[in-house]
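Let me begin by presenting the structure, written as structure tokens, before commenting on it.
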Amino acid sequence: MSDKNEFYSNLKVQLEDTTDFPADYMYKFIVPTDANQLEEVQNLFDNRGAVIKTKNSKTGKYVSITIVLMLENADQIISYYKKVEKIKGIISL
């Protein structure tokens, strides 16, 4: 099993053990300021009724993104992580 598959399998178990679904889930990401990653992330979550907040870093080089979204199960949470990981330069927290 690859490291990513193992990570997502462990995450699914943890989420199912600790979360009563449906539930609000909070995602946190960091993206470079000078690229279009912020827009890509917003487009991915915006049409799903997500609450999206952004904050520039002190140096202005990065933007932190906090997203809260109501999801039905652990598979949906993982699905968004997999979509986001395809965005170049993004850091998931």
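Chain labels run A, B, ... following the order of the structure tokens; each chain numbers its residues from 1, and ligands are numbered from 1 in the order shown.
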
#### Entry: helix (DSSP H, G or I) call set, DSSP backbone run, segment 2-86 of chain A, as a ChimeraX atom specification
/A:3-18,37-46,74-84

task: Using only C-alpha atoms, determine which residues lie at most 12 Å from Ile91 of chain A, disregarding the query and same-chain residues fewer than 2 positions distant; provide the list as a VMD selection string.
output: chain A and resid 27 to 32 37 to 38 41 62 to 65 81 84 to 89 93

| task | Please provide as a count of residues only all residues within 12 Å of Asp24 of chain A, with the sequence filter that same-chain residues fewer than 5 positions apart are discarded (counting only C-alpha atoms). | result | 14

Strand (DSSP E) residues, from DSSP on the backbone, in chain A, as a short mmCIF file (atom, residue, chain, number, x, y, z; two decimals) with N, CA and C atoms, in the first residue's frame:
data_model
loop_
_atom_site.label_atom_id
_atom_site.label_comp_id
_atom_site.auth_asym_id
_atom_site.auth_seq_id
_atom_site.Cartn_x
_atom_site.Cartn_y
_atom_site.Cartn_z
N ALA A 23 -21.59 16.40 9.55
CA ALA A 23 -20.87 17.31 10.45
C ALA A 23 -20.17 18.40 9.65
N ASP A 24 -19.97 19.54 10.32
CA ASP A 24 -19.12 20.58 9.75
C ASP A 24 -17.68 20.10 9.86
N TYR A 25 -16.92 20.25 8.79
CA TYR A 25 -15.51 19.87 8.80
C TYR A 25 -14.69 21.08 8.40
N MET A 26 -13.59 21.30 9.11
CA MET A 26 -12.74 22.46 8.84
C MET A 26 -11.47 22.02 8.11
N TYR A 27 -11.27 22.59 6.95
CA TYR A 27 -10.04 22.40 6.18
C TYR A 27 -9.17 23.64 6.38
N LYS A 28 -7.85 23.44 6.39
CA LYS A 28 -6.91 24.56 6.45
C LYS A 28 -5.82 24.31 5.43
N PHE A 29 -5.55 25.34 4.63
CA PHE A 29 -4.54 25.25 3.59
C PHE A 29 -3.71 26.53 3.57
N ILE A 30 -2.51 26.43 3.01
CA ILE A 30 -1.66 27.58 2.76
C ILE A 30 -1.27 27.55 1.29
N VAL A 31 -1.39 28.71 0.62
CA VAL A 31 -0.99 28.81 -0.78
C VAL A 31 -0.13 30.05 -0.98
N PRO A 32 0.73 30.04 -2.00
CA PRO A 32 1.50 31.24 -2.33
C PRO A 32 0.57 32.36 -2.78
N VAL A 51 -18.09 27.99 3.99
CA VAL A 51 -17.67 29.27 4.54
C VAL A 51 -16.16 29.33 4.39
N ILE A 52 -15.69 30.32 3.62
CA ILE A 52 -14.27 30.41 3.30
C ILE A 52 -13.71 31.71 3.86
N LYS A 53 -12.63 31.59 4.64
CA LYS A 53 -11.94 32.77 5.18
C LYS A 53 -10.49 32.71 4.77
N THR A 54 -9.94 33.87 4.43
CA THR A 54 -8.53 33.95 4.04
C THR A 54 -7.81 34.96 4.91
N LYS A 55 -6.51 34.75 5.04
CA LYS A 55 -5.68 35.68 5.81
C LYS A 55 -4.28 35.68 5.20
N ASN A 56 -3.78 36.88 4.90
CA ASN A 56 -2.43 37.00 4.36
C ASN A 56 -1.40 36.82 5.46
N TYR A 62 2.28 34.41 1.46
CA TYR A 62 1.34 33.30 1.52
C TYR A 62 -0.04 33.76 1.99
N VAL A 63 -1.03 32.96 1.66
CA VAL A 63 -2.40 33.17 2.13
C VAL A 63 -2.84 31.90 2.82
N SER A 64 -3.36 32.03 4.04
CA SER A 64 -3.95 30.87 4.70
C SER A 64 -5.44 30.87 4.39
N ILE A 65 -5.96 29.68 4.17
CA ILE A 65 -7.37 29.52 3.81
C ILE A 65 -8.00 28.58 4.82
N THR A 66 -9.10 29.01 5.42
CA THR A 66 -9.87 28.16 6.32
C THR A 66 -11.23 27.96 5.68
N ILE A 67 -11.63 26.71 5.57
CA ILE A 67 -12.89 26.37 4.92
C ILE A 67 -13.70 25.48 5.85
N VAL A 68 -14.94 25.85 6.08
CA VAL A 68 -15.84 25.01 6.87
C VAL A 68 -16.98 24.58 5.96
N LEU A 69 -17.20 23.27 5.93
CA LEU A 69 -18.17 22.70 4.99
C LEU A 69 -18.90 21.55 5.67
N MET A 70 -20.22 21.49 5.49
CA MET A 70 -21.03 20.39 6.02
C MET A 70 -20.87 19.18 5.10
N LEU A 71 -20.43 18.07 5.68
CA LEU A 71 -20.22 16.86 4.89
C LEU A 71 -20.92 15.67 5.54
N ILE A 91 -0.35 23.66 0.56
CA ILE A 91 0.06 22.94 1.77
C ILE A 91 -1.21 22.70 2.59
N SER A 92 -1.48 21.44 2.90
CA SER A 92 -2.61 21.09 3.75
C SER A 92 -2.15 21.02 5.19
#

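Rounded to one decimal, atom CA of Asp34 of chain A and atom CA of Lys4 of chain A lie 28.0 Å from each other.
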
From the list A:Lys82, A:Lys12, A:Lys61, A:Arg48, the nearest residue to Ala35 of chain A using only C-alpha atoms is A:Lys61
